[in-house]
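File shown: structure_9.cif (mmCIF, C-alpha atoms).
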data_final
#
loop_
_atom_site.label_atom_id
_atom_site.label_comp_id
_atom_site.auth_asym_id
_atom_site.auth_seq_id
_atom_site.Cartn_x
_atom_site.Cartn_y
_atom_site.Cartn_z
CA MET C 3 -31.55 107.56 27.42
CA GLN C 4 -28.74 105.96 29.34
CA SER C 5 -27.49 107.66 32.49
CA ILE C 6 -23.81 108.32 33.04
CA GLU C 7 -22.44 107.57 36.48
CA THR C 8 -19.75 109.76 37.93
CA PHE C 9 -17.14 108.43 40.28
CA ASN C 10 -15.16 110.16 42.97
CA LEU C 11 -11.57 109.07 42.52
CA ARG C 12 -9.16 108.78 45.40
CA LEU C 13 -6.18 110.85 44.25
CA TRP C 14 -2.63 110.13 45.39
CA THR C 15 0.03 112.50 46.68
CA VAL C 16 3.69 112.38 45.69
CA LYS C 17 4.56 111.12 49.20
CA GLU C 18 2.04 108.28 48.92
CA TYR C 19 3.28 107.45 45.41
CA HIS C 20 6.86 107.16 46.72
CA ARG C 21 5.69 105.03 49.64
CA MET C 22 3.92 102.66 47.20
CA ALA C 23 7.19 102.25 45.30
CA LEU C 24 9.24 101.70 48.48
CA THR C 25 6.86 99.05 49.83
CA GLY C 26 6.65 97.19 46.51
CA ILE C 27 3.06 98.06 45.64
CA LEU C 28 4.49 99.61 42.49
CA ASP C 29 7.18 97.45 40.93
CA ASN C 30 10.39 99.08 39.64
CA SER C 31 9.73 97.58 36.22
CA GLU C 32 6.37 99.36 35.89
CA ARG C 33 6.63 102.48 33.72
CA VAL C 34 4.23 104.79 35.52
CA GLU C 35 4.13 108.43 36.56
CA LEU C 36 1.92 110.49 38.86
CA LEU C 37 -0.15 113.15 37.07
CA GLU C 38 -2.74 115.20 38.94
CA GLY C 39 -3.01 112.52 41.62
CA LYS C 40 -3.53 109.68 39.12
CA ILE C 41 -1.02 106.91 38.43
CA ILE C 42 -0.68 106.76 34.65
CA TRP C 43 0.99 104.11 32.49
CA MET C 44 3.69 105.63 30.28
CA SER C 45 3.94 104.69 26.62
CA ALA C 46 6.64 102.34 25.44
CA LYS C 47 9.67 104.06 23.92
CA GLY C 48 9.99 103.41 20.20
CA THR C 49 13.16 103.74 18.14
CA ALA C 50 12.21 107.10 16.60
CA HIS C 51 11.24 108.50 20.01
CA ARG C 52 14.46 107.34 21.65
CA SER C 53 16.49 108.79 18.77
CA ALA C 54 14.72 112.17 18.95
CA VAL C 55 15.20 112.38 22.72
CA GLY C 56 18.88 111.42 22.38
CA ILE C 57 19.53 114.07 19.73
CA THR C 58 17.68 116.72 21.76
CA ASP C 59 19.70 115.78 24.85
CA TYR C 60 22.97 116.05 22.92
CA LEU C 61 22.10 119.42 21.34
CA PHE C 62 21.00 120.99 24.63
CA LYS C 63 24.09 119.73 26.49
CA GLU C 64 26.35 121.12 23.75
CA ALA C 65 24.56 124.48 23.73
CA LEU C 66 24.25 124.91 27.50
CA LYS C 67 27.61 123.50 28.63
CA ASN C 68 27.73 124.08 32.40
CA ARG C 69 24.99 126.73 32.62
CA ALA C 70 22.16 124.23 33.24
CA TRP C 71 21.64 120.51 33.67
CA VAL C 72 19.77 118.49 31.03
CA SER C 73 17.72 115.75 32.63
CA VAL C 74 16.42 112.91 30.43
CA GLN C 75 13.24 111.06 31.42
CA ASP C 76 13.77 111.73 35.12
CA PRO C 77 11.11 112.81 37.62
CA ILE C 78 10.30 116.41 38.46
CA VAL C 79 7.88 117.40 41.22
CA LEU C 80 5.33 119.94 39.99
CA ASN C 81 3.18 119.98 43.14
CA ASP C 82 1.88 117.63 45.86
CA ASN C 83 -0.02 115.53 43.29
CA SER C 84 2.19 115.46 40.17
CA GLU C 85 5.57 113.92 39.50
CA PRO C 86 5.89 113.52 35.72
CA GLU C 87 8.93 112.16 33.91
CA PRO C 88 9.28 114.42 30.87
CA ASP C 89 11.49 113.42 27.97
CA ILE C 90 13.77 116.41 28.57
CA ALA C 91 13.92 118.88 31.45
CA VAL C 92 16.43 121.71 31.53
CA VAL C 93 17.00 122.44 35.21
CA LYS C 94 19.19 124.55 37.45
CA ILE C 95 22.51 123.01 38.42
CA ASP C 96 22.22 121.57 41.92
CA PRO C 97 25.35 121.20 44.09
CA LEU C 98 24.13 117.76 45.26
CA TYR C 99 23.05 116.69 41.74
CA TYR C 100 19.47 116.31 43.05
CA ALA C 101 20.50 113.48 45.37
CA ASP C 102 18.14 114.79 48.07
CA HIS C 103 15.12 115.81 45.94
CA HIS C 104 13.71 115.92 42.43
CA PRO C 105 13.70 119.28 40.63
CA THR C 106 10.76 121.53 41.50
CA PRO C 107 9.08 124.25 39.37
CA GLU C 108 11.44 126.90 40.77
CA GLU C 109 14.39 124.85 39.47
CA VAL C 110 13.01 124.00 36.02
CA TYR C 111 13.76 126.22 33.02
CA LEU C 112 12.17 124.09 30.28
CA ILE C 113 10.23 120.83 29.86
CA ILE C 114 9.98 118.92 26.57
CA ALA C 115 7.69 115.95 26.00
CA ARG C 116 8.07 114.47 22.53
CA SER C 117 4.95 113.08 20.93
CA ARG C 118 4.97 109.34 20.26
CA GLN C 119 3.28 109.95 16.89
#
Would you give me this structure, written as structure tokens?
Amino acid sequence: MQSIETFNLRLWTVKEYHRMALTGILDNSERVELLEGKIIWMSAKGTAHRSAVGITDYLFKEALKNRAWVSVQDPIVLNDNSEPEPDIAVVKIDPLYYADHHPTPEEVYLIIARSRQ
């Protein structure tokens, strides 16, 4: 019987993840997100996916008007170790348009991640 080795992973914080981007360790062209302390490659956006996200964005903006902000594929900070970029996030309206921070759980009403299938 073959033994299975376990590894202790070094997990990253959101602050460290941002520092890696600022210093060029992570390139702006890399489509990655931080999930549970792990840097994960995001899937490429196909035509059907982009269309579905665009339609969902349009419908939510029409329905919500100025009662909430619809964010499309932008970061949200869930905790110290996760900063996903969901397809759609319906968030509270921020007077600074989130210029000083990404939305946090207290500011998020709804998250939608469309399957690539």
For region 83-116 of chain C against region 19-33 of chain C, with a cut-off of 10 Å and counting all atoms listed in the file, what is the closest atom pair and its distance in Å to one decimal for every residue that makes the cut, ordered by chain and number, as JSON lines?
{"residue": "C:Asn83", "atom": "CA", "partner": "C:Tyr19", "partner_atom": "CA", "distance": 9.0}
{"residue": "C:Ser84", "atom": "CA", "partner": "C:Tyr19", "partner_atom": "CA", "distance": 9.6}
{"residue": "C:Glu85", "atom": "CA", "partner": "C:Tyr19", "partner_atom": "CA", "distance": 9.1}
{"residue": "C:Glu87", "atom": "CA", "partner": "C:Arg33", "partner_atom": "CA", "distance": 10.0}
For the selection you just gave me, I'd like the residues written to a file as an mmCIF file, in the frame of the given file, keeping C-alpha atoms.
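And here's again37.cif as it stands now:
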data_model
loop_
_atom_site.group_PDB
_atom_site.id
_atom_site.type_symbol
_atom_site.label_atom_id
_atom_site.label_comp_id
_atom_site.auth_asym_id
_atom_site.auth_seq_id
_atom_site.Cartn_x
_atom_site.Cartn_y
_atom_site.Cartn_z
ATOM 1 C CA ASN C 83 -0.020 115.530 43.290
ATOM 2 C CA SER C 84 2.190 115.460 40.170
ATOM 3 C CA GLU C 85 5.570 113.920 39.500
ATOM 4 C CA GLU C 87 8.930 112.160 33.910
#
Nearest to Ser73 (chain C), chosen from C:Glu35, C:Ile114, C:Lys47, C:Ser53, with all atoms listed in the file counted in the distances: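 That would be C:Ile114, the residue with the smallest distance to Ser73 (chain C).
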Radius query 10 Å about (4.1, 120.7, 38.9), atoms used: only C-alpha atoms, as a PyMOL selection string: chain C and resi 37-38+78-86+105-108+110
Between CA of Tyr111 (chain C) and CA of Pro97 (chain C) - distance in Å to one decimal: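 Computing the Euclidean distance for CA of Pro97 (chain C) and CA of Tyr111 (chain C) yields 16.8 Å.
The protein and nucleic acid residues lying at most 9 Å from Arg69 (chain C) are C:Leu66, C:Lys94, C:Ile95, with all atoms listed in the file considered and sequence neighbours fewer than 3 positions away removed.
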Separation of CA of Leu36 (chain C) from CA of Ile6 (chain C) in Å: 26.5 Å
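Between CA of Ala50 (chain C) and CA of Trp71 (chain C) the interatomic distance comes to 23.7 Å.
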Mind giving me the axis-aligned box for region 88-107 of chain C with 6 Å on every side, centre plus edges in Å to one decimal, as lines of an AutoDock Vina configuration file?
center_x = 17.2
center_y = 119.0
center_z = 38.0
size_x = 28.3
size_y = 23.1
size_z = 32.1
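Those residues returned by the PyMOL selection byres ((chain C and resi 117) around 12) for this file are Ser45, Ala46, Lys47, Gly48, Ala50, His51, Arg52, Ala54, Val55, Pro88, Asp89, Ile114, Ala115, Arg116, Arg118 and Gln119 of chain C.
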Using only C-alpha atoms, please write the residues we just selected to a file, as a PDB file, in the coordinates of the input.
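What follows is the written file selection_37.pdb:
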ATOM      1  CA  SER C  45       3.940 104.690  26.620  1.00  0.00           C
ATOM      2  CA  ALA C  46       6.640 102.340  25.440  1.00  0.00           C
ATOM      3  CA  LYS C  47       9.670 104.060  23.920  1.00  0.00           C
ATOM      4  CA  GLY C  48       9.990 103.410  20.200  1.00  0.00           C
ATOM      5  CA  ALA C  50      12.210 107.100  16.600  1.00  0.00           C
ATOM      6  CA  HIS C  51      11.240 108.500  20.010  1.00  0.00           C
ATOM      7  CA  ARG C  52      14.460 107.340  21.650  1.00  0.00           C
ATOM      8  CA  ALA C  54      14.720 112.170  18.950  1.00  0.00           C
ATOM      9  CA  VAL C  55      15.200 112.380  22.720  1.00  0.00           C
ATOM     10  CA  PRO C  88       9.280 114.420  30.870  1.00  0.00           C
ATOM     11  CA  ASP C  89      11.490 113.420  27.970  1.00  0.00           C
ATOM     12  CA  ILE C 114       9.980 118.920  26.570  1.00  0.00           C
ATOM     13  CA  ALA C 115       7.690 115.950  26.000  1.00  0.00           C
ATOM     14  CA  ARG C 116       8.070 114.470  22.530  1.00  0.00           C
ATOM     15  CA  ARG C 118       4.970 109.340  20.260  1.00  0.00           C
ATOM     16  CA  GLN C 119       3.280 109.950  16.890  1.00  0.00           C
TER      17      GLN C 119
END
